[in-house]
Amino acid sequence: MAARAKSASALKEEIRQSRPARPLPCLNCPVKAFNVCRALEYDRQKELFDLGVQQTWRRRQFLFRAGDPVGAVFKIISGVVAVSKLLADGRRQVLGFFLAGELCGYLQVDGRYAFDGTAITEVRTCSFNRRRFDAFAAAHQDVATVIKETLEGKLHNVSHHMAVIGQLTSTERVASFLGHLSVAYSEHGIQTRPLRLPMNRADIADYLGLRLETVSRAFSKLRKKGLLEFEEDRIVVHDPARLIGDAYR
């Protein structure tokens with residue numbers, strides 16, 4: 001007896017499986033070696049990628065707002081995100097600048113985002129469903145360890161930042177910021193000479209707890225000392241270690 005004809009659904013599945021799979025975008029991702037992705041081989045990378053979507057954010061667009069019900073967790077592919085808190089009097093305190101390769105939007109309080117996250121450049125992200133992302137981390141100890149180390153590192157940075165705001169002069173704060181930004185850029189494979197500042201001086205003022213005009217005066221003092229130069233919208237820091245050391249004298 002002739003073999004039974006295949007169903008339409010079976011034929012579609014056979015055709016689908018015979019087609020070559022599209023390359024996983026992660027293979028050419030510039031930040032695959034950073035954060036949660038760094039320990040993942042192809043199969044787990046694909047599993048994680050399938051948990052989210054890629055998004056693009058305009059400059060000054062909010063990725064998330066403090067007090068909103070928690071949604072996605074974001075891994076930054078490119079660009080810079082400022083994480084901040086609005087104070088009771090309307091002033092803004094920037095708590096950190098998150099670079100390509102870093103996670104943001106993870107911290108929450110009672111099921112709501114703890115801070116604002118603002119794109120200060122155009123930003124691209126992999127945006128992961130939080131429930132599925134947490135389940136993935138719980139199932140893979142190495143991923144959970146990376147997240148734990150990331151949060152501990154951010155806590156250390158916040159502690160350092162509080163010491164900077166509490167103990168240093170305005171010029172020292174700006175010098176410390178530029179020096180540590182240069183180090184962070186180097187760690188993320190971002191060019192440091194010239195050192196490009198995607199954040200404007202108002203962002204820096206809100207980060208360092210200074211007035212805008214105070215930040216401008218501090219930049220001028222550091223330039224007169226020969227510790228940095230201006231090139232249009234860019235700053236050239238020739239020696240970050242010397243910048244920090246000389247600014248404290």
# chains A, B, ... in the order shown; residues from 1 in each chain; ligands from 1
call {"tool": "residues_around", "arguments": {"residues": "Val73 in chain A", "least_positions_apart": "5", "cutoff": "7 Å", "atoms": "only C-alpha atoms", "output": "VMD selection string"}}
result
chain A and resid 104 to 106 127 to 130
call {"tool": "select_by_dssp", "arguments": {"residues": "range 70-220 of chain A", "states": "strand (DSSP E)", "output": "VMD selection string"}}
result
chain A and resid 73 to 78 81 to 86 92 to 98 103 to 104 108 to 109 112 to 113 116 to 119 123 to 128 195 to 196
call {"tool": "closest_residue", "arguments": {"among": "A:Cys126, A:Ile76, A:Ala66, A:Ala138", "to": "Gln108 in chain A", "atoms": "only C-alpha atoms"}}
result
A:Ala66
call {"tool": "residues_around", "arguments": {"residues": "Ser78 in chain A", "least_positions_apart": "2", "cutoff": "6 Å", "atoms": "only C-alpha atoms", "output": "ChimeraX atom specification"}}
result
/A:76,100,123-124
call {"tool": "write_last_selection", "arguments": {"atoms": "all heavy atoms", "output": "tab-separated table (two decimals), in the first residue's frame"}}
result
chain	number	residue	atom	x	y	z
A	76	ILE	N	23.23	46.76	28.18
A	76	ILE	CA	23.54	47.81	27.22
A	76	ILE	C	24.50	47.26	26.16
A	76	ILE	O	25.57	46.74	26.49
A	76	ILE	CB	24.18	49.02	27.93
A	76	ILE	CG1	23.25	49.53	29.03
A	76	ILE	CG2	24.48	50.13	26.93
A	76	ILE	CD1	23.90	50.56	29.95
A	100	ALA	N	28.48	50.40	27.89
A	100	ALA	CA	28.18	49.22	27.08
A	100	ALA	C	28.74	47.97	27.76
A	100	ALA	O	29.88	47.94	28.22
A	100	ALA	CB	28.79	49.38	25.69
A	123	VAL	N	21.11	54.72	22.67
A	123	VAL	CA	21.47	53.48	23.37
A	123	VAL	C	20.78	52.30	22.69
A	123	VAL	O	19.62	52.40	22.29
A	123	VAL	CB	21.03	53.56	24.86
A	123	VAL	CG1	21.13	52.20	25.54
A	123	VAL	CG2	21.87	54.59	25.60
A	124	ARG	N	21.51	51.20	22.57
A	124	ARG	CA	20.92	49.93	22.14
A	124	ARG	C	21.02	48.94	23.29
A	124	ARG	O	22.06	48.89	23.98
A	124	ARG	CB	21.61	49.37	20.90
A	124	ARG	CG	21.35	50.16	19.64
A	124	ARG	CD	21.82	49.40	18.40
A	124	ARG	NE	23.22	49.06	18.46
A	124	ARG	CZ	23.72	47.83	18.32
A	124	ARG	NH1	22.90	46.80	18.14
A	124	ARG	NH2	25.02	47.62	18.38
call {"tool": "closest_atom_pairs", "arguments": {"of": "range 197-226 of chain A", "to": "range 82-93 of chain A", "cutoff": "10 Å", "atoms": "only C-alpha atoms", "output": "JSON lines"}}
result
{"residue": "A:Met199", "atom": "CA", "partner": "A:Ala82", "partner_atom": "CA", "distance": 8.6}
{"residue": "A:Asp203", "atom": "CA", "partner": "A:Ala82", "partner_atom": "CA", "distance": 8.3}
{"residue": "A:Ile204", "atom": "CA", "partner": "A:Gln93", "partner_atom": "CA", "distance": 10.0}
{"residue": "A:Ala205", "atom": "CA", "partner": "A:Gln93", "partner_atom": "CA", "distance": 8.9}
{"residue": "A:Asp206", "atom": "CA", "partner": "A:Gln93", "partner_atom": "CA", "distance": 5.2}
{"residue": "A:Tyr207", "atom": "CA", "partner": "A:Gln93", "partner_atom": "CA", "distance": 5.9}
{"residue": "A:Leu208", "atom": "CA", "partner": "A:Gln93", "partner_atom": "CA", "distance": 8.3}
{"residue": "A:Gly209", "atom": "CA", "partner": "A:Gln93", "partner_atom": "CA", "distance": 7.2}
call {"tool": "write_last_selection", "arguments": {"atoms": "all heavy atoms", "output": "mmCIF file, in the first residue's frame"}}
result
data_model
loop_
_atom_site.group_PDB
_atom_site.id
_atom_site.type_symbol
_atom_site.label_atom_id
_atom_site.label_comp_id
_atom_site.auth_asym_id
_atom_site.auth_seq_id
_atom_site.Cartn_x
_atom_site.Cartn_y
_atom_site.Cartn_z
ATOM 1 N N MET A 199 28.338 62.453 28.465
ATOM 2 C CA MET A 199 27.499 63.206 29.398
ATOM 3 C C MET A 199 27.854 64.693 29.306
ATOM 4 O O MET A 199 29.014 65.052 29.060
ATOM 5 C CB MET A 199 27.662 62.690 30.829
ATOM 6 C CG MET A 199 29.060 62.766 31.424
ATOM 7 S SD MET A 199 30.280 61.603 30.722
ATOM 8 C CE MET A 199 29.609 60.036 31.232
ATOM 9 N N ASP A 203 25.002 66.828 33.591
ATOM 10 C CA ASP A 203 25.023 65.451 34.084
ATOM 11 C C ASP A 203 26.136 65.264 35.105
ATOM 12 O O ASP A 203 25.953 64.629 36.152
ATOM 13 C CB ASP A 203 25.238 64.465 32.925
ATOM 14 C CG ASP A 203 24.080 64.423 31.949
ATOM 15 O OD1 ASP A 203 22.923 64.521 32.397
ATOM 16 O OD2 ASP A 203 24.330 64.269 30.742
ATOM 17 N N ILE A 204 27.316 65.816 34.768
ATOM 18 C CA ILE A 204 28.469 65.691 35.673
ATOM 19 C C ILE A 204 28.191 66.418 36.982
ATOM 20 O O ILE A 204 28.505 65.917 38.075
ATOM 21 C CB ILE A 204 29.740 66.231 34.995
ATOM 22 C CG1 ILE A 204 30.077 65.385 33.759
ATOM 23 C CG2 ILE A 204 30.914 66.229 35.967
ATOM 24 C CD1 ILE A 204 31.193 65.956 32.903
ATOM 25 N N ALA A 205 27.587 67.598 36.895
ATOM 26 C CA ALA A 205 27.254 68.356 38.107
ATOM 27 C C ALA A 205 26.291 67.568 38.989
ATOM 28 O O ALA A 205 26.468 67.498 40.217
ATOM 29 C CB ALA A 205 26.646 69.710 37.718
ATOM 30 N N ASP A 206 25.279 66.953 38.380
ATOM 31 C CA ASP A 206 24.309 66.169 39.151
ATOM 32 C C ASP A 206 24.946 64.908 39.729
ATOM 33 O O ASP A 206 24.491 64.400 40.762
ATOM 34 C CB ASP A 206 23.122 65.780 38.262
ATOM 35 C CG ASP A 206 22.222 66.961 37.947
ATOM 36 O OD1 ASP A 206 22.349 67.998 38.617
ATOM 37 O OD2 ASP A 206 21.394 66.842 37.022
ATOM 38 N N TYR A 207 25.978 64.398 39.098
ATOM 39 C CA TYR A 207 26.687 63.227 39.611
ATOM 40 C C TYR A 207 27.593 63.600 40.784
ATOM 41 O O TYR A 207 27.670 62.879 41.788
ATOM 42 C CB TYR A 207 27.513 62.597 38.487
ATOM 43 C CG TYR A 207 28.312 61.394 38.898
ATOM 44 C CD1 TYR A 207 27.697 60.224 39.343
ATOM 45 C CD2 TYR A 207 29.707 61.417 38.840
ATOM 46 C CE1 TYR A 207 28.440 59.114 39.714
ATOM 47 C CE2 TYR A 207 30.460 60.316 39.206
ATOM 48 C CZ TYR A 207 29.824 59.163 39.645
ATOM 49 O OH TYR A 207 30.565 58.069 40.012
ATOM 50 N N LEU A 208 28.246 64.749 40.671
ATOM 51 C CA LEU A 208 29.233 65.143 41.680
ATOM 52 C C LEU A 208 28.654 66.035 42.775
ATOM 53 O O LEU A 208 29.371 66.435 43.693
ATOM 54 C CB LEU A 208 30.404 65.868 41.000
ATOM 55 C CG LEU A 208 31.223 65.017 40.027
ATOM 56 C CD1 LEU A 208 32.291 65.868 39.354
ATOM 57 C CD2 LEU A 208 31.856 63.827 40.743
ATOM 58 N N GLY A 209 27.359 66.342 42.688
ATOM 59 C CA GLY A 209 26.750 67.195 43.699
ATOM 60 C C GLY A 209 27.260 68.618 43.659
ATOM 61 O O GLY A 209 27.438 69.252 44.704
#
call {"tool": "closest_atom_pairs", "arguments": {"of": "range 88-116 of chain A", "to": "range 163-186 of chain A", "cutoff": "12 Å", "atoms": "only C-alpha atoms", "output": "Markdown table"}}
result
| residue | atom | partner | partner_atom | distance |
| --- | --- | --- | --- | --- |
| A:Gln93 | CA | A:Ile165 | CA | 11.4 |
| A:Val94 | CA | A:Ile165 | CA | 11.9 |
| A:Leu95 | CA | A:Ile165 | CA | 11.3 |
| A:Gly96 | CA | A:Leu181 | CA | 10.7 |
| A:Phe97 | CA | A:Leu181 | CA | 9.2 |
| A:Phe98 | CA | A:Ala184 | CA | 9.9 |
| A:Leu99 | CA | A:Tyr185 | CA | 8.2 |
| A:Ala100 | CA | A:Tyr185 | CA | 9.6 |
| A:Gly101 | CA | A:Tyr185 | CA | 11.2 |
| A:Glu102 | CA | A:Ala184 | CA | 11.3 |
call {"tool": "write_last_selection", "arguments": {"atoms": "N, CA, C and O atoms", "output": "PDB file, in the first residue's frame"}}
result
ATOM      1  N   GLN A  93      19.934  63.533  41.550  1.00  0.00           N
ATOM      2  CA  GLN A  93      21.227  62.987  41.938  1.00  0.00           C
ATOM      3  C   GLN A  93      21.539  61.814  41.017  1.00  0.00           C
ATOM      4  O   GLN A  93      20.834  60.799  41.045  1.00  0.00           O
ATOM      5  N   VAL A  94      22.554  61.981  40.181  1.00  0.00           N
ATOM      6  CA  VAL A  94      22.998  60.882  39.333  1.00  0.00           C
ATOM      7  C   VAL A  94      23.864  59.953  40.167  1.00  0.00           C
ATOM      8  O   VAL A  94      24.835  60.387  40.810  1.00  0.00           O
ATOM      9  N   LEU A  95      23.510  58.682  40.183  1.00  0.00           N
ATOM     10  CA  LEU A  95      24.234  57.699  41.004  1.00  0.00           C
ATOM     11  C   LEU A  95      25.312  56.976  40.223  1.00  0.00           C
ATOM     12  O   LEU A  95      26.248  56.434  40.816  1.00  0.00           O
ATOM     13  N   GLY A  96      25.194  56.947  38.909  1.00  0.00           N
ATOM     14  CA  GLY A  96      26.212  56.269  38.119  1.00  0.00           C
ATOM     15  C   GLY A  96      25.911  56.358  36.638  1.00  0.00           C
ATOM     16  O   GLY A  96      24.774  56.601  36.222  1.00  0.00           O
ATOM     17  N   PHE A  97      26.973  56.162  35.850  1.00  0.00           N
ATOM     18  CA  PHE A  97      26.857  56.097  34.402  1.00  0.00           C
ATOM     19  C   PHE A  97      27.177  54.669  33.968  1.00  0.00           C
ATOM     20  O   PHE A  97      28.266  54.157  34.266  1.00  0.00           O
ATOM     21  N   PHE A  98      26.242  54.028  33.305  1.00  0.00           N
ATOM     22  CA  PHE A  98      26.384  52.632  32.916  1.00  0.00           C
ATOM     23  C   PHE A  98      26.824  52.560  31.458  1.00  0.00           C
ATOM     24  O   PHE A  98      26.192  53.154  30.580  1.00  0.00           O
ATOM     25  N   LEU A  99      27.897  51.801  31.217  1.00  0.00           N
ATOM     26  CA  LEU A  99      28.516  51.728  29.902  1.00  0.00           C
ATOM     27  C   LEU A  99      28.101  50.464  29.161  1.00  0.00           C
ATOM     28  O   LEU A  99      27.462  49.575  29.736  1.00  0.00           O
ATOM     29  N   ALA A 100      28.478  50.400  27.894  1.00  0.00           N
ATOM     30  CA  ALA A 100      28.182  49.221  27.084  1.00  0.00           C
ATOM     31  C   ALA A 100      28.736  47.966  27.756  1.00  0.00           C
ATOM     32  O   ALA A 100      29.879  47.939  28.224  1.00  0.00           O
ATOM     33  N   GLY A 101      27.902  46.934  27.814  1.00  0.00           N
ATOM     34  CA  GLY A 101      28.282  45.679  28.453  1.00  0.00           C
ATOM     35  C   GLY A 101      27.701  45.508  29.839  1.00  0.00           C
ATOM     36  O   GLY A 101      27.694  44.397  30.383  1.00  0.00           O
ATOM     37  N   GLU A 102      27.182  46.592  30.431  1.00  0.00           N
ATOM     38  CA  GLU A 102      26.682  46.531  31.795  1.00  0.00           C
ATOM     39  C   GLU A 102      25.178  46.288  31.841  1.00  0.00           C
ATOM     40  O   GLU A 102      24.451  46.574  30.887  1.00  0.00           O
TER      41      GLU A 102
END
call {"tool": "closest_residue", "arguments": {"among": "A:Val236, A:Leu195, A:Leu212, A:Val109", "to": "Gly67 in chain A", "atoms": "only C-alpha atoms"}}
result
A:Val109
call {"tool": "residues_around", "arguments": {"residues": "Ala135 in chain A", "least_positions_apart": "5", "cutoff": "12 Å", "atoms": "only C-alpha atoms", "output": "PyMOL selection string"}}
result
chain A and resi 47-48+51+128-130+140-141+143-144
call {"tool": "write_last_selection", "arguments": {"atoms": "N, CA and C atoms", "output": "short mmCIF file (atom, residue, chain, number, x, y, z; two decimals), in the first residue's frame"}}
result
data_model
loop_
_atom_site.label_atom_id
_atom_site.label_comp_id
_atom_site.auth_asym_id
_atom_site.auth_seq_id
_atom_site.Cartn_x
_atom_site.Cartn_y
_atom_site.Cartn_z
N GLU A 47 19.70 30.60 24.25
CA GLU A 47 18.58 30.54 25.20
C GLU A 47 18.35 31.89 25.85
N LEU A 48 19.42 32.56 26.26
CA LEU A 48 19.28 33.88 26.88
C LEU A 48 18.77 34.89 25.86
N LEU A 51 15.13 35.12 25.34
CA LEU A 51 14.31 35.62 26.44
C LEU A 51 13.96 37.09 26.28
N PHE A 128 15.46 42.07 28.60
CA PHE A 128 15.02 40.74 28.97
C PHE A 128 13.80 40.77 29.88
N ASN A 129 12.85 39.90 29.61
CA ASN A 129 11.74 39.69 30.52
C ASN A 129 12.29 39.33 31.89
N ARG A 130 11.92 40.09 32.92
CA ARG A 130 12.55 39.93 34.24
C ARG A 130 12.30 38.54 34.84
N HIS A 140 21.40 28.66 36.29
CA HIS A 140 22.81 28.63 35.88
C HIS A 140 23.64 29.38 36.92
N GLN A 141 24.34 28.63 37.74
CA GLN A 141 25.06 29.21 38.86
C GLN A 141 26.10 30.22 38.42
N VAL A 143 26.01 32.26 35.91
CA VAL A 143 25.33 33.51 35.59
C VAL A 143 24.91 34.24 36.87
N ALA A 144 24.37 33.49 37.83
CA ALA A 144 23.98 34.09 39.11
C ALA A 144 25.18 34.71 39.81
#
call {"tool": "select_by_dssp", "arguments": {"residues": "chain A", "states": "alpha helix (DSSP H)", "output": "JSON, numbers by chain"}}
result
{"A": [8, 9, 10, 11, 12, 13, 14, 15, 16, 17, 18, 42, 43, 44, 45, 46, 47, 48, 49, 130, 131, 132, 133, 134, 135, 136, 137, 138, 139, 141, 142, 143, 144, 145, 146, 147, 148, 149, 150, 151, 152, 153, 154, 155, 156, 157, 158, 159, 160, 161, 162, 163, 164, 165, 166, 167, 170, 171, 172, 173, 174, 175, 176, 177, 178, 179, 180, 181, 182, 183, 184, 185, 186, 187, 201, 202, 203, 204, 205, 206, 207, 208, 212, 213, 214, 215, 216, 217, 218, 219, 220, 221, 222, 223, 224, 240, 241, 242, 243, 244, 245, 246, 247]}
call {"tool": "residues_around", "arguments": {"residues": "Pro198 in chain A", "least_positions_apart": "4", "cutoff": "10 Å", "atoms": "only C-alpha atoms", "output": "PyMOL selection string"}}
result
chain A and resi 79-81+120-122+203+233-234
call {"tool": "write_last_selection", "arguments": {"atoms": "C-alpha atoms", "output": "compact mmCIF listing (two decimals), in the first residue's frame"}}
result
# COMPACT_ATOMS: atom_id res chain seq x y z
CA GLY A 79 25.75 53.94 24.46
CA VAL A 80 25.62 55.27 28.03
CA VAL A 81 22.76 55.26 30.56
CA ILE A 120 22.33 60.15 27.60
CA THR A 121 23.38 59.02 24.14
CA GLU A 122 21.52 56.87 21.67
CA ASP A 203 25.02 65.45 34.08
CA ASP A 233 33.35 68.51 22.53
CA ARG A 234 36.09 66.16 23.66
call {"tool": "closest_residue", "arguments": {"among": "A:Gln55, A:Gly71, A:Leu24, A:Gln191", "to": "Tyr42 in chain A", "atoms": "only C-alpha atoms"}}
result
A:Leu24
call {"tool": "residues_around", "arguments": {"residues": "Val70 in chain A", "least_positions_apart": "6", "cutoff": "6 Å", "atoms": "only C-alpha atoms", "output": "ChimeraX atom specification"}}
result
/A:111-113
call {"tool": "atom_distance", "arguments": {"atom1": "CA of Gly153 in chain A", "atom2": "CA of Ala72 in chain A"}}
result
21.1 Å
call {"tool": "atom_distance", "arguments": {"atom1": "CA of Trp57 in chain A", "atom2": "CA of Ala33 in chain A"}}
result
22.4 Å
call {"tool": "closest_residue", "arguments": {"among": "A:Pro23, A:Arg217, A:Pro194, A:Arg211", "to": "Glu232 in chain A", "atoms": "only C-alpha atoms"}}
result
A:Pro194
call {"tool": "closest_residue", "arguments": {"among": "A:Ser220, A:Val36, A:Val31, A:Ala119", "to": "Asp134 in chain A", "atoms": "only C-alpha atoms"}}
result
A:Val36
